[in-house]
Structure formats: structure tokens, C-alpha cells
>>> print(open('data_21.cif').read())   # mmCIF, C-alpha atoms and all ligand atoms
data_input
#
loop_
_atom_site.group_PDB
_atom_site.id
_atom_site.type_symbol
_atom_site.label_atom_id
_atom_site.label_comp_id
_atom_site.auth_asym_id
_atom_site.auth_seq_id
_atom_site.Cartn_x
_atom_site.Cartn_y
_atom_site.Cartn_z
ATOM 1 C CA MET A 1 0.000 0.000 0.000
ATOM 2 C CA THR A 2 1.028 3.629 -0.381
ATOM 3 C CA CYS A 3 0.039 6.662 1.682
ATOM 4 C CA THR A 4 1.350 10.215 1.745
ATOM 5 C CA LYS A 5 -1.169 11.874 4.057
ATOM 6 C CA CYS A 6 1.247 12.714 6.902
ATOM 7 C CA GLN A 7 4.318 14.688 5.836
ATOM 8 C CA SER A 8 6.271 14.087 9.035
ATOM 9 C CA LEU A 9 5.610 10.336 9.060
ATOM 10 C CA CYS A 10 6.485 9.962 5.360
ATOM 11 C CA ALA A 11 9.857 11.520 6.169
ATOM 12 C CA SER A 12 10.528 9.358 9.246
ATOM 13 C CA ARG A 13 9.318 5.925 8.150
ATOM 14 C CA THR A 14 11.273 3.259 6.297
ATOM 15 C CA GLN A 15 8.064 1.514 5.325
ATOM 16 C CA ILE A 16 4.381 1.320 6.186
ATOM 17 C CA VAL A 17 3.797 -1.422 8.770
ATOM 18 C CA GLU A 18 0.562 -3.130 7.813
ATOM 19 C CA PRO A 19 -1.560 -5.188 10.227
ATOM 20 C CA ASP A 20 -1.065 -8.936 10.332
ATOM 21 C CA LEU A 21 -4.062 -11.142 10.981
ATOM 22 C CA PRO A 22 -4.195 -14.898 11.655
ATOM 23 C CA GLU A 23 -3.307 -16.855 8.530
ATOM 24 C CA PHE A 24 -5.961 -19.506 8.895
ATOM 25 C CA GLY A 25 -9.422 -18.089 8.441
ATOM 26 C CA ARG A 26 -10.200 -14.414 8.027
ATOM 27 C CA HIS A 27 -11.493 -13.819 11.529
ATOM 28 C CA CYS A 28 -9.451 -13.715 14.699
ATOM 29 C CA LEU A 29 -10.397 -14.191 18.303
ATOM 30 C CA VAL A 30 -8.387 -11.178 19.444
ATOM 31 C CA LEU A 31 -6.939 -8.149 17.661
ATOM 32 C CA VAL A 32 -4.122 -6.298 19.406
ATOM 33 C CA VAL A 33 -3.906 -2.597 18.551
ATOM 34 C CA GLY A 34 -0.743 -0.665 19.439
ATOM 35 C CA GLU A 35 0.259 2.976 19.164
ATOM 36 C CA ALA A 36 2.687 3.014 16.224
ATOM 37 C CA PRO A 37 5.683 1.080 14.930
ATOM 38 C CA GLY A 38 9.011 1.650 16.730
ATOM 39 C CA ALA A 39 12.517 1.240 15.286
ATOM 40 C CA ASP A 40 12.407 -2.580 15.103
ATOM 41 C CA GLU A 41 8.936 -2.645 13.567
ATOM 42 C CA ASP A 42 9.917 0.043 11.041
ATOM 43 C CA ALA A 43 13.002 -1.948 10.030
ATOM 44 C CA GLN A 44 11.254 -5.327 9.770
ATOM 45 C CA GLY A 45 7.891 -4.172 8.419
ATOM 46 C CA LYS A 46 6.002 -6.102 11.111
ATOM 47 C CA GLY A 47 4.276 -4.848 14.259
ATOM 48 C CA PHE A 48 5.267 -5.793 17.814
ATOM 49 C CA VAL A 49 8.622 -7.385 17.030
ATOM 50 C CA GLY A 50 10.697 -5.312 19.515
ATOM 51 C CA ARG A 51 10.985 -5.489 23.312
ATOM 52 C CA ALA A 52 7.460 -4.212 23.954
ATOM 53 C CA GLY A 53 6.177 -6.848 21.551
ATOM 54 C CA ARG A 54 8.048 -9.649 23.281
ATOM 55 C CA THR A 55 6.523 -8.698 26.665
ATOM 56 C CA LEU A 56 3.090 -8.647 25.084
ATOM 57 C CA HIS A 57 3.444 -12.010 23.315
ATOM 58 C CA LYS A 58 4.803 -13.679 26.468
ATOM 59 C CA LEU A 59 1.824 -12.462 28.484
ATOM 60 C CA LEU A 60 -0.704 -13.607 25.876
ATOM 61 C CA GLU A 61 1.009 -16.988 25.479
ATOM 62 C CA GLU A 62 0.594 -17.563 29.224
ATOM 63 C CA TYR A 63 -3.144 -17.521 28.489
ATOM 64 C CA GLY A 64 -2.893 -19.862 25.489
ATOM 65 C CA LEU A 65 -3.116 -17.117 22.883
ATOM 66 C CA ARG A 66 -0.693 -17.367 19.955
ATOM 67 C CA ARG A 67 0.149 -14.703 17.406
ATOM 68 C CA GLY A 68 -1.026 -15.670 13.947
ATOM 69 C CA TYR A 69 -3.516 -18.177 15.358
ATOM 70 C CA GLU A 70 -5.684 -16.708 18.119
ATOM 71 C CA TYR A 71 -4.599 -13.119 17.646
ATOM 72 C CA GLY A 72 -3.363 -10.635 15.092
ATOM 73 C CA CYS A 73 -1.605 -7.297 15.519
ATOM 74 C CA ALA A 74 -2.259 -3.808 14.205
ATOM 75 C CA ASN A 75 -1.291 -0.261 15.145
ATOM 76 C CA ILE A 76 -3.414 2.856 15.356
ATOM 77 C CA VAL A 77 -0.824 4.646 13.177
ATOM 78 C CA LEU A 78 0.993 2.582 10.532
ATOM 79 C CA CYS A 79 4.207 4.616 10.202
ATOM 80 C CA ARG A 80 7.004 5.177 12.709
ATOM 81 C CA PRO A 81 6.911 8.723 14.150
ATOM 82 C CA PRO A 82 10.239 10.591 14.321
ATOM 83 C CA ASP A 83 12.169 9.886 17.557
ATOM 84 C CA ASN A 84 9.310 7.580 18.619
ATOM 85 C CA ARG A 85 7.158 10.553 19.603
ATOM 86 C CA ARG A 86 3.463 9.922 20.155
ATOM 87 C CA PRO A 87 1.375 10.176 16.996
ATOM 88 C CA THR A 88 -0.542 13.455 16.740
ATOM 89 C CA MET A 89 -4.331 13.562 16.721
ATOM 90 C CA GLN A 90 -4.220 14.502 13.013
ATOM 91 C CA GLU A 91 -2.070 11.455 12.234
ATOM 92 C CA ILE A 92 -4.438 9.229 14.201
ATOM 93 C CA VAL A 93 -7.414 10.692 12.340
ATOM 94 C CA HIS A 94 -5.680 9.998 8.995
ATOM 95 C CA CYS A 95 -5.069 6.345 9.939
ATOM 96 C CA LEU A 96 -8.355 5.498 11.715
ATOM 97 C CA PRO A 97 -10.245 4.456 8.550
ATOM 98 C CA LEU A 98 -7.572 1.776 7.970
ATOM 99 C CA LEU A 99 -8.038 0.495 11.505
ATOM 100 C CA ALA A 100 -11.809 0.442 10.985
ATOM 101 C CA GLU A 101 -11.247 -1.671 7.854
ATOM 102 C CA THR A 102 -8.948 -4.045 9.746
ATOM 103 C CA ILE A 103 -11.449 -4.475 12.580
ATOM 104 C CA ASP A 104 -14.144 -5.122 9.987
ATOM 105 C CA ARG A 105 -12.021 -7.771 8.283
ATOM 106 C CA ALA A 106 -10.884 -9.446 11.492
ATOM 107 C CA GLN A 107 -14.269 -9.406 13.301
ATOM 108 C CA PRO A 108 -12.428 -10.004 16.602
ATOM 109 C CA ARG A 109 -14.266 -11.110 19.727
ATOM 110 C CA ALA A 110 -11.949 -8.791 21.679
ATOM 111 C CA VAL A 111 -9.745 -5.816 20.850
ATOM 112 C CA ILE A 112 -6.760 -5.249 23.147
ATOM 113 C CA THR A 113 -5.490 -1.682 23.002
ATOM 114 C CA VAL A 114 -1.891 -1.308 24.131
ATOM 115 C CA GLY A 115 -1.222 1.988 25.892
ATOM 116 C CA GLU A 116 -3.112 5.232 26.314
ATOM 117 C CA THR A 117 -2.680 6.560 22.773
ATOM 118 C CA ALA A 118 -4.082 3.444 21.108
ATOM 119 C CA THR A 119 -6.910 3.279 23.632
ATOM 120 C CA ARG A 120 -7.816 6.970 23.240
ATOM 121 C CA GLY A 121 -7.717 6.603 19.446
ATOM 122 C CA ILE A 122 -10.433 3.950 19.653
ATOM 123 C CA THR A 123 -12.630 5.192 22.494
ATOM 124 C CA GLY A 124 -11.987 8.927 22.323
ATOM 125 C CA ILE A 125 -11.582 8.855 26.101
ATOM 126 C CA VAL A 126 -8.460 10.465 27.573
ATOM 127 C CA GLY A 127 -6.426 8.594 30.231
ATOM 128 C CA LEU A 128 -5.666 4.869 30.381
ATOM 129 C CA TRP A 129 -6.918 4.441 33.942
ATOM 130 C CA VAL A 130 -10.195 6.244 33.125
ATOM 131 C CA ASN A 131 -10.644 3.951 30.120
ATOM 132 C CA ILE A 132 -9.997 0.801 32.155
ATOM 133 C CA LYS A 133 -12.455 1.865 34.875
ATOM 134 C CA ALA A 134 -15.141 3.077 32.421
ATOM 135 C CA LEU A 135 -14.994 -0.096 30.335
ATOM 136 C CA ARG A 136 -15.149 -2.334 33.390
ATOM 137 C CA GLU A 137 -18.161 -0.444 34.683
ATOM 138 C CA HIS A 138 -20.078 -0.031 31.453
ATOM 139 C CA GLY A 139 -18.956 -3.167 29.612
ATOM 140 C CA HIS A 140 -18.470 -2.357 25.966
ATOM 141 C CA ASP A 141 -21.467 -0.117 25.528
ATOM 142 C CA PRO A 142 -20.517 2.360 22.769
ATOM 143 C CA ARG A 143 -22.677 5.011 24.458
ATOM 144 C CA ILE A 144 -19.876 5.643 26.930
ATOM 145 C CA ALA A 145 -17.909 7.103 24.023
ATOM 146 C CA GLU A 146 -20.707 9.597 23.430
ATOM 147 C CA MET A 147 -20.870 10.375 27.137
ATOM 148 C CA ILE A 148 -17.191 11.000 27.755
ATOM 149 C CA CYS A 149 -15.347 11.599 24.506
ATOM 150 C CA PRO A 150 -14.684 15.114 23.187
ATOM 151 C CA PRO A 151 -17.066 15.995 20.302
ATOM 152 C CA GLU A 152 -14.269 16.570 17.744
ATOM 153 C CA ILE A 153 -13.230 12.908 17.935
ATOM 154 C CA LYS A 154 -15.161 10.244 16.080
ATOM 155 C CA PRO A 155 -13.998 7.015 17.729
ATOM 156 C CA VAL A 156 -13.672 3.754 15.816
ATOM 157 C CA TRP A 157 -15.654 1.705 18.281
ATOM 158 C CA PRO A 158 -15.451 -2.042 17.533
ATOM 159 C CA HIS A 159 -19.145 -2.893 17.719
ATOM 160 C CA GLY A 160 -19.804 -6.253 19.286
ATOM 161 C CA SER A 161 -16.193 -6.758 20.431
ATOM 162 C CA LEU A 162 -14.982 -6.618 23.973
ATOM 163 C CA LEU A 163 -12.610 -3.684 24.364
ATOM 164 C CA VAL A 164 -9.661 -4.377 26.659
ATOM 165 C CA PRO A 165 -7.146 -1.594 27.343
ATOM 166 C CA ILE A 166 -3.780 -2.596 28.773
ATOM 167 C CA PRO A 167 -0.774 -0.449 29.675
ATOM 168 C CA HIS A 168 1.976 0.048 27.103
ATOM 169 C CA THR A 169 4.309 -2.949 27.327
ATOM 170 C CA SER A 170 7.555 -1.003 26.871
ATOM 171 C CA PRO A 171 9.881 -1.753 29.826
ATOM 172 C CA LEU A 172 9.566 1.812 31.146
ATOM 173 C CA ALA A 173 5.763 2.005 31.099
ATOM 174 C CA TRP A 174 5.178 -1.617 32.180
ATOM 175 C CA ASN A 175 7.214 -1.184 35.376
ATOM 176 C CA ARG A 176 5.739 2.150 36.519
ATOM 177 C CA ASN A 177 3.079 2.328 39.209
ATOM 178 C CA ALA A 178 -0.607 2.606 38.326
ATOM 179 C CA PRO A 179 -2.830 5.050 40.271
ATOM 180 C CA ASP A 180 -3.837 2.259 42.694
ATOM 181 C CA GLY A 181 -0.196 1.630 43.658
ATOM 182 C CA ARG A 182 0.224 -1.648 41.783
ATOM 183 C CA LYS A 183 2.674 -2.014 38.903
ATOM 184 C CA TRP A 184 1.059 -1.361 35.529
ATOM 185 C CA ALA A 185 2.342 -4.847 34.581
ATOM 186 C CA GLU A 186 0.026 -6.338 37.209
ATOM 187 C CA VAL A 187 -2.927 -4.313 35.915
ATOM 188 C CA GLY A 188 -2.112 -5.483 32.367
ATOM 189 C CA ALA A 189 -2.042 -9.145 33.396
ATOM 190 C CA GLU A 190 -5.333 -8.694 35.261
ATOM 191 C CA GLN A 191 -6.949 -7.176 32.161
ATOM 192 C CA ILE A 192 -5.877 -10.171 30.050
ATOM 193 C CA ARG A 193 -7.088 -12.649 32.686
ATOM 194 C CA ARG A 194 -10.501 -10.913 32.805
ATOM 195 C CA MET A 195 -10.688 -10.913 29.000
ATOM 196 C CA VAL A 196 -9.923 -14.635 28.747
ATOM 197 C CA GLU A 197 -12.595 -15.384 31.389
ATOM 198 C CA MET A 198 -15.151 -13.403 29.383
ATOM 199 C CA LEU A 199 -14.334 -14.901 25.954
HETATM 200 N N1 LIG B 201 5.269 -2.289 18.765
HETATM 201 C C1 LIG B 201 4.269 -1.873 17.966
HETATM 202 O O1 LIG B 201 4.164 -2.287 16.813
HETATM 203 N N2 LIG B 201 3.375 -1.022 18.493
HETATM 204 C C2 LIG B 201 3.434 -0.567 19.756
HETATM 205 O O2 LIG B 201 2.565 0.191 20.174
HETATM 206 C C3 LIG B 201 4.506 -1.016 20.550
HETATM 207 C C4 LIG B 201 5.397 -1.871 20.028
#
>>> encode(input="data_21.cif", output="C-alpha cells", more="lines below")
Ligand code: URA
Amino acid sequence: MTCTKCQSLCASRTQIVEPDLPEFGRHCLVLVVGEAPGADEDAQGKGFVGRAGRTLHKLLEEYGLRRGYEYGCANIVLCRPPDNRRPTMQEIVHCLPLLAETIDRAQPRAVITVGETATRGITGIVGLWVNIKALREHGHDPRIAEMICPPEIKPVWPHGSLLVPIPHTSPLAWNRNAPDGRKWAEVGAEQIRRMVEML
């Protein structure tokens, strides 16, 4: 595919990192959605192949979920931002239709969003902790997006899929403390355990 919508990303990327879905059958049980490719992903042309990816895959494997079989991977923005900065809202808006297409193709039973940026891109709700709490309380009722999200954002809400935000799995983010005093890593593992129980 080609895309030249974002000047800054066109200058910083080596290649566009397209989503990869399970090879057998079009639908996947779980779709993981990250923020954007990092250096390793940009070099290899595949999402979640660096350190953050390894932490994520290890966690999911503990619950019997295998990449390419039970789950596929995508990013909210398909090109590596310069110096690994967070994607801007404009860049997210440019890329969201592609994510909508991917979700449509994959028809996942659950969507795991990795980190605040990916989560906000889908729900429109600011703050990872707020997203985790709101989704636990209201299930996956898309009306919470209308209730909380700023009017300028049109979220790509995966209708019918469970939405499961987890902290970013980069070593720095994963080992910080969450607002309740636990490590974010512990909150992430709890989110995956809850998801597996619900699937
Ligand atoms: N790798 C990705 O492809 N995306 C992320 O968000 C983190 C690591």
C-alpha cells in the first residue's frame, strides 16, 4: 500500500507497517492494537517485534493465545513517528479508517489496546486508567464514548467486540506504578485474565 497523508511520518518511516491477521481463516479471536511502529517494527515491516512486543506475546502466550492463530496485531498509526514521539491527533485521524477496515475484516471477539494513545484513538476517552475503569463499569457499551469523549473525535468503536485496554508494554511504562499503587504490569495481566474469562 502507499500513503502520503502525513508529511512528518512519510519523512521518518522506512516503510508502512501493515496489520497482520491470523493466517488460517479471516477472523481472529483477538486483535491487538498498538500505538505506532518503533525502530524494530519500522526496520522489519512487522508490528510488535521489539521489546514491547516480546513482553506482550509472552503475556498472551501464558493464556494460550498465539500470534497468527488466536490473535493478530495492528497499530493505530501505521508509520514510525520521528524519535518515537506519540502520533498526533491529526495522524491518528488519517489512519483510523484503515483500523476500521482491519477491525471489519478481522471481526475479533476482543480488541486489546496497548497503551493510552491506542486506547484513546479507539474510544476517544483520555487517560488509560479512566478507560480501564469506564470499560469495566459499562462493559463495551458504545454510548460511553458519546458520554465522555470530546465531540471533535469520532472514535472507531469495535461494535460487538470486547474492548480491553492494557498499559503500554515497553519496559519503562510496564514497570511504573498505576494510580492504585500496583505495577502497571500487574494491571495489564489482570486485564488479560478478565478478558480470557469473558471470551
Ligand atoms: N510495537 C508496535 O508495533 N506497536 C506498539 O505500540 C509497541 C510496540
>>> closest_atom_pairs(input="data_21.cif", of="chain A", to="ligand LIG 201 (chain B)", cutoff="6 Å", atoms="all atoms listed in the file", output="tab-separated table")
residue	atom	partner	partner_atom	distance
A:Gly34	CA	B:LIG201	O2	3.5
A:Glu35	CA	B:LIG201	O2	3.8
A:Ala36	CA	B:LIG201	N2	4.7
A:Pro37	CA	B:LIG201	O1	4.1
A:Gly38	CA	B:LIG201	N1	5.8
A:Glu41	CA	B:LIG201	O1	5.8
A:Gly47	CA	B:LIG201	O1	3.6
A:Phe48	CA	B:LIG201	N1	3.6
A:Ala52	CA	B:LIG201	C4	5.0
A:Gly53	CA	B:LIG201	C4	5.3
A:Asn75	CA	B:LIG201	N2	5.8
>>> write_last_selection(input="data_21.cif", atoms="C-alpha atoms", output="PDB file, in the coordinates of the input")
ATOM      1  CA  GLY A  34      -0.743  -0.665  19.439  1.00  0.00           C
ATOM      2  CA  GLU A  35       0.259   2.976  19.164  1.00  0.00           C
ATOM      3  CA  ALA A  36       2.687   3.014  16.224  1.00  0.00           C
ATOM      4  CA  PRO A  37       5.683   1.080  14.930  1.00  0.00           C
ATOM      5  CA  GLY A  38       9.011   1.650  16.730  1.00  0.00           C
ATOM      6  CA  GLU A  41       8.936  -2.645  13.567  1.00  0.00           C
ATOM      7  CA  GLY A  47       4.276  -4.848  14.259  1.00  0.00           C
ATOM      8  CA  PHE A  48       5.267  -5.793  17.814  1.00  0.00           C
ATOM      9  CA  ALA A  52       7.460  -4.212  23.954  1.00  0.00           C
ATOM     10  CA  GLY A  53       6.177  -6.848  21.551  1.00  0.00           C
ATOM     11  CA  ASN A  75      -1.291  -0.261  15.145  1.00  0.00           C
TER      12      ASN A  75
END
>>> resolve_selection(input="data_21.cif", expression="the PyMOL selection byres (((chain A and resi 27) around 10) and not hetatm)", output="list in words")
Leu21, Pro22, Glu23, Phe24, Gly25, Arg26, Cys28, Leu29, Val30, Leu31, Tyr69, Glu70, Tyr71, Gly72, Ile103, Asp104, Arg105, Ala106, Gln107, Pro108 and Arg109 of chain A
>>> write_last_selection(input="data_21.cif", atoms="C-alpha atoms", output="tab-separated table (two decimals), in the coordinates of the input")
chain	number	residue	atom	x	y	z
A	21	LEU	CA	-4.06	-11.14	10.98
A	22	PRO	CA	-4.20	-14.90	11.66
A	23	GLU	CA	-3.31	-16.86	8.53
A	24	PHE	CA	-5.96	-19.51	8.90
A	25	GLY	CA	-9.42	-18.09	8.44
A	26	ARG	CA	-10.20	-14.41	8.03
A	28	CYS	CA	-9.45	-13.72	14.70
A	29	LEU	CA	-10.40	-14.19	18.30
A	30	VAL	CA	-8.39	-11.18	19.44
A	31	LEU	CA	-6.94	-8.15	17.66
A	69	TYR	CA	-3.52	-18.18	15.36
A	70	GLU	CA	-5.68	-16.71	18.12
A	71	TYR	CA	-4.60	-13.12	17.65
A	72	GLY	CA	-3.36	-10.64	15.09
A	103	ILE	CA	-11.45	-4.47	12.58
A	104	ASP	CA	-14.14	-5.12	9.99
A	105	ARG	CA	-12.02	-7.77	8.28
A	106	ALA	CA	-10.88	-9.45	11.49
A	107	GLN	CA	-14.27	-9.41	13.30
A	108	PRO	CA	-12.43	-10.00	16.60
A	109	ARG	CA	-14.27	-11.11	19.73
>>> atom_distance(input="data_21.cif", atom1="atom CA of A:Cys3", atom2="atom CA of A:His168")
26.3 Å
>>> atom_distance(input="data_21.cif", atom1="atom CA of A:Gly115", atom2="atom CA of A:Gln7")
24.4 Å
>>> resolve_selection(input="data_21.cif", expression="the PyMOL selection byres (((chain A and resi 12) around 12) and not hetatm)", output="CSV table (one decimal) with C-alpha atoms, in the frame of the given file")
chain,number,residue,atom,x,y,z
A,4,THR,CA,1.4,10.2,1.7
A,6,CYS,CA,1.2,12.7,6.9
A,7,GLN,CA,4.3,14.7,5.8
A,8,SER,CA,6.3,14.1,9.0
A,9,LEU,CA,5.6,10.3,9.1
A,10,CYS,CA,6.5,10.0,5.4
A,11,ALA,CA,9.9,11.5,6.2
A,13,ARG,CA,9.3,5.9,8.2
A,14,THR,CA,11.3,3.3,6.3
A,15,GLN,CA,8.1,1.5,5.3
A,16,ILE,CA,4.4,1.3,6.2
A,37,PRO,CA,5.7,1.1,14.9
A,38,GLY,CA,9.0,1.6,16.7
A,39,ALA,CA,12.5,1.2,15.3
A,42,ASP,CA,9.9,0.0,11.0
A,43,ALA,CA,13.0,-1.9,10.0
A,78,LEU,CA,1.0,2.6,10.5
A,79,CYS,CA,4.2,4.6,10.2
A,80,ARG,CA,7.0,5.2,12.7
A,81,PRO,CA,6.9,8.7,14.2
A,82,PRO,CA,10.2,10.6,14.3
A,83,ASP,CA,12.2,9.9,17.6
A,84,ASN,CA,9.3,7.6,18.6
A,85,ARG,CA,7.2,10.6,19.6
>>> closest_atom_pairs(input="data_21.cif", of="stretch 84-141 of chain A", to="stretch 177-196 of chain A", cutoff="10 Å", atoms="only C-alpha atoms", output="CSV")
residue,atom,partner,partner_atom,distance
A:Arg109,CA,A:Met195,CA,9.9
A:Ala110,CA,A:Met195,CA,7.7
A:Val111,CA,A:Met195,CA,9.7
A:Ile112,CA,A:Ile192,CA,8.5
A:Val114,CA,A:Gly188,CA,9.2
A:Gly115,CA,A:Gly188,CA,9.9
A:Leu128,CA,A:Ala178,CA,9.7
A:Trp129,CA,A:Pro179,CA,7.6
A:Ile132,CA,A:Gln191,CA,8.5
A:Arg136,CA,A:Gln191,CA,9.6
>>> closest_residue(input="data_21.cif", among="A:Ile76, A:Leu162, A:Leu59, A:Val156", to="A:Glu197", atoms="all atoms listed in the file")
A:Leu162
>>> closest_residue(input="data_21.cif", among="A:Ala100, A:Leu172, A:Val32, A:Leu56", to="A:Ala118", atoms="all atoms listed in the file")
A:Val32
>>> atom_distance(input="data_21.cif", atom1="atom CA of A:Thr119", atom2="atom CA of A:Met1")
24.8 Å
>>> closest_residue(input="data_21.cif", among="A:Pro19, A:Pro158, A:Leu163, A:Lys46", to="A:Ala134", atoms="all atoms listed in the file")
A:Leu163
>>> closest_residue(input="data_21.cif", among="A:Glu91, A:Thr2, A:Val164, A:Leu65", to="A:Val77", atoms="all atoms listed in the file")
A:Glu91
>>> closest_residue(input="data_21.cif", among="A:Glu18, A:Lys5, A:Thr117, A:Arg67", to="A:Leu98", atoms="all atoms listed in the file")
A:Glu18
